[in-house]
Amino acid sequence: MRFNLKLRVMIKKFAKSEKFRLFLSWVISVYIKICFHTSKWIVKEGSNIEALISQKKSFIVCFWHGRLLMMPLCWYFEKKFFMLISAHRDGKLISKAVRYFGIETITGSSSNTKISSVKNIIQKLNNNHIVGITPDGPRGPNQQVKEGLISLAKKTNTPIITLSLGAKYKKSLNSWDKFNFVYPFNKIVVVWGNPIYFKKKDLIEHKKNQLEQELKRITNLADNLSS
């Protein structure tokens, strides 16, 4: 009885250790690579992202938190990509996993009224880098854009381009974001949305709705094309 209790304590301690998180992040990266190399990938509306990159300016990429798993492999361009990741334990795990794909992270999170690490994000944008943000993360509500992102885009006069991904074989987990767990040997469709530009006189609520509707449009399109 005491041995079983001691074993459970050791397991819990190991599960919280840095070594375990490093191992788990490596396992996640390997799984993502397996899904990539065994699946058929289709990219739609790629001209939207290519047009932005050709301008040689910074911009923000937005995608729903529930579609996060395969997103690292959607970015195959030379421009440096930084992803806003929460400081929570799960966020740190994601941060370690995406680094296997050359994606750096910014520690912070988004709330209804503001985005933390704003100075860091603005610095990256001023250095002509790309920043990826899940506008409904890190804790929801699901598929609802938060005003903090719109305020940031207006303040920096930075365009936002939306991105979504659909898979034929997947499982929607019972989580707040209905996280899409994608299987190998799949059909995966990546859809880039239309860029959204911001002016200081734009109403936050109006641009928030515009971004939300565009994200939902391309998500529905990705799901329909991959089914």
# chains A, B, ... in the order shown; residues from 1 in each chain; ligands from 1
$ closest_atom_pairs --of "range 35-120 of chain A" --to "range 20-24 of chain A" --cutoff "9 Å" --atoms "only C-alpha atoms" --output "Markdown table"
| residue | atom | partner | partner_atom | distance |
| --- | --- | --- | --- | --- |
| A:Lys92 | CA | A:Arg21 | CA | 8.5 |
| A:Leu93 | CA | A:Arg21 | CA | 6.2 |
| A:Lys96 | CA | A:Leu22 | CA | 7.0 |
| A:Ala97 | CA | A:Leu24 | CA | 8.2 |
$ residues_around --residues "Phe198 in chain A" --least-positions-apart "3" --cutoff "7 Å" --atoms "only C-alpha atoms" --output "ChimeraX atom specification"
/A:153-154,157-159,202
$ atom_distance --atom1 "CA of Ser226 in chain A" --atom2 "CA of Cys74 in chain A"
15.4 Å
$ residues_around --residues "Val182 in chain A" --least-positions-apart "3" --cutoff "7 Å" --atoms "only C-alpha atoms" --output "JSON, numbers by chain"
{"A": [167, 169, 170, 171]}
$ write_last_selection --atoms "C-alpha atoms" --output "compact mmCIF listing (two decimals), in the first residue's frame"
# COMPACT_ATOMS: atom_id res chain seq x y z
CA ALA A 167 -8.90 17.62 -41.83
CA TYR A 169 -10.07 12.46 -40.23
CA LYS A 170 -10.08 14.19 -36.87
CA LYS A 171 -11.61 14.09 -33.43
$ closest_residue --among "A:Asn180, A:Gly137, A:Phe185, A:Thr162" --to "Ile218 in chain A" --atoms "only C-alpha atoms"
A:Thr162
$ atom_distance --atom1 "CA of Ala51 in chain A" --atom2 "CA of Pro195 in chain A"
9.5 Å
$ residues_around --residues "range 104-108 of chain A" --least-positions-apart "6" --cutoff "10 Å" --atoms "only C-alpha atoms" --output "PDB file with C-alpha atoms, in the first residue's frame"
ATOM      1  CA  LYS A  80      10.628  34.967 -38.969  1.00  0.00           C
ATOM      2  CA  PHE A  81       7.453  33.814 -37.212  1.00  0.00           C
ATOM      3  CA  PHE A  82       6.698  34.390 -33.523  1.00  0.00           C
ATOM      4  CA  MET A  83       3.650  32.890 -31.819  1.00  0.00           C
ATOM      5  CA  LEU A  84       1.961  34.364 -28.750  1.00  0.00           C
ATOM      6  CA  ILE A  85       1.779  31.565 -26.174  1.00  0.00           C
ATOM      7  CA  SER A  86       0.402  31.740 -22.641  1.00  0.00           C
ATOM      8  CA  ALA A  87       2.671  31.343 -19.626  1.00  0.00           C
ATOM      9  CA  HIS A  88       0.474  28.473 -18.418  1.00  0.00           C
ATOM     10  CA  GLY A  91       1.464  27.009 -23.145  1.00  0.00           C
ATOM     11  CA  LYS A  92       5.039  26.168 -22.208  1.00  0.00           C
ATOM     12  CA  ILE A  94       3.285  24.122 -26.950  1.00  0.00           C
ATOM     13  CA  SER A  95       6.165  26.594 -26.973  1.00  0.00           C
ATOM     14  CA  LYS A  96       8.720  23.788 -26.787  1.00  0.00           C
ATOM     15  CA  VAL A  98       6.699  24.493 -32.094  1.00  0.00           C
ATOM     16  CA  ILE A 115      -2.925  41.647 -24.904  1.00  0.00           C
ATOM     17  CA  SER A 116      -0.068  41.086 -22.516  1.00  0.00           C
ATOM     18  CA  SER A 117       3.512  41.449 -23.775  1.00  0.00           C
ATOM     19  CA  VAL A 118       2.392  44.277 -26.059  1.00  0.00           C
ATOM     20  CA  ASN A 120       7.440  42.601 -27.096  1.00  0.00           C
ATOM     21  CA  ILE A 121       4.903  42.106 -29.888  1.00  0.00           C
ATOM     22  CA  LYS A 124       8.772  42.057 -33.293  1.00  0.00           C
ATOM     23  CA  VAL A 131       3.319  37.371 -35.106  1.00  0.00           C
ATOM     24  CA  GLY A 132       0.760  34.569 -34.757  1.00  0.00           C
ATOM     25  CA  ILE A 133      -2.133  34.978 -32.309  1.00  0.00           C
ATOM     26  CA  PRO A 138      -5.929  30.885 -24.201  1.00  0.00           C
TER      27      PRO A 138
END
$ select_by_dssp --residues "range 2-91 of chain A" --states "strand (DSSP E or B)" --output "ChimeraX atom specification"
/A:40-44,59-62,81-85
$ atom_distance --atom1 "CA of Gln143 in chain A" --atom2 "CA of His37 in chain A"
28.7 Å
$ select_by_dssp --residues "range 150-181 of chain A" --states "helix (DSSP H, G or I)" --output "ChimeraX atom specification"
/A:150-156
$ residues_around --residues "Ser164 in chain A" --least-positions-apart "4" --cutoff "9 Å" --atoms "only C-alpha atoms" --output "PyMOL selection string"
chain A and resi 62-64+67+71+189-193+215-216+218-222
$ write_last_selection --atoms "C-alpha atoms" --output "CSV table (one decimal), in the first residue's frame"
chain,number,residue,atom,x,y,z
A,62,CYS,CA,-4.8,34.7,-36.7
A,63,PHE,CA,-6.3,31.3,-36.3
A,64,TRP,CA,-8.6,29.6,-33.8
A,67,ARG,CA,-7.0,24.4,-34.9
A,71,MET,CA,-0.5,25.2,-37.6
A,189,VAL,CA,-6.9,21.6,-46.3
A,190,VAL,CA,-5.2,25.0,-45.4
A,191,VAL,CA,-7.1,28.1,-46.2
A,192,TRP,CA,-5.7,31.7,-46.1
A,193,GLY,CA,-8.3,34.4,-45.7
A,215,LEU,CA,-12.2,33.4,-39.5
A,216,LYS,CA,-15.5,31.5,-39.4
A,218,ILE,CA,-12.5,30.2,-44.0
A,219,THR,CA,-12.9,27.6,-41.2
A,220,ASN,CA,-16.2,26.4,-42.7
A,221,LEU,CA,-14.5,26.4,-46.1
A,222,ALA,CA,-11.6,24.3,-44.8
$ closest_residue --among "A:Ser29, A:Asn127, A:Ser47, A:Ser39" --to "Pro72 in chain A" --atoms "only C-alpha atoms"
A:Ser29
$ residues_around --residues "Asn209 in chain A" --least-positions-apart "6" --cutoff "10 Å" --atoms "only C-alpha atoms" --output "VMD selection string"
chain A and resid 144 to 147 215
$ closest_residue --among "A:Ile103, A:Leu68, A:Val27, A:Leu211" --to "Ile160 in chain A" --atoms "only C-alpha atoms"
A:Leu211
$ decode --residues "range 143-174 of chain A" --atoms "C-alpha atoms" --output "mmCIF file, in the first residue's frame"
data_model
loop_
_atom_site.group_PDB
_atom_site.id
_atom_site.type_symbol
_atom_site.label_atom_id
_atom_site.label_comp_id
_atom_site.auth_asym_id
_atom_site.auth_seq_id
_atom_site.Cartn_x
_atom_site.Cartn_y
_atom_site.Cartn_z
ATOM 1 C CA GLN A 143 -14.275 31.249 -31.743
ATOM 2 C CA GLN A 144 -14.857 34.719 -30.352
ATOM 3 C CA VAL A 145 -12.350 37.447 -31.189
ATOM 4 C CA LYS A 146 -11.215 39.586 -28.275
ATOM 5 C CA GLU A 147 -11.040 43.349 -28.496
ATOM 6 C CA GLY A 148 -7.430 43.443 -27.276
ATOM 7 C CA LEU A 149 -6.231 42.124 -30.625
ATOM 8 C CA ILE A 150 -8.152 44.790 -32.541
ATOM 9 C CA SER A 151 -6.734 47.521 -30.318
ATOM 10 C CA LEU A 152 -3.218 46.225 -30.996
ATOM 11 C CA ALA A 153 -3.763 46.123 -34.773
ATOM 12 C CA LYS A 154 -5.160 49.668 -34.761
ATOM 13 C CA LYS A 155 -2.354 50.975 -32.572
ATOM 14 C CA THR A 156 0.365 49.529 -34.791
ATOM 15 C CA ASN A 157 -1.491 49.937 -38.092
ATOM 16 C CA THR A 158 -0.729 46.261 -38.759
ATOM 17 C CA PRO A 159 -2.858 44.147 -41.113
ATOM 18 C CA ILE A 160 -4.237 40.805 -39.974
ATOM 19 C CA ILE A 161 -4.531 37.764 -42.211
ATOM 20 C CA THR A 162 -6.660 34.829 -41.136
ATOM 21 C CA LEU A 163 -5.694 31.177 -41.402
ATOM 22 C CA SER A 164 -7.620 27.970 -40.870
ATOM 23 C CA LEU A 165 -7.186 24.263 -41.397
ATOM 24 C CA GLY A 166 -9.560 21.359 -41.905
ATOM 25 C CA ALA A 167 -8.896 17.621 -41.827
ATOM 26 C CA LYS A 168 -10.973 14.727 -43.135
ATOM 27 C CA TYR A 169 -10.067 12.458 -40.229
ATOM 28 C CA LYS A 170 -10.082 14.187 -36.870
ATOM 29 C CA LYS A 171 -11.608 14.089 -33.434
ATOM 30 C CA SER A 172 -13.046 17.148 -31.718
ATOM 31 C CA LEU A 173 -12.046 16.898 -28.085
ATOM 32 C CA ASN A 174 -14.368 17.762 -25.228
#
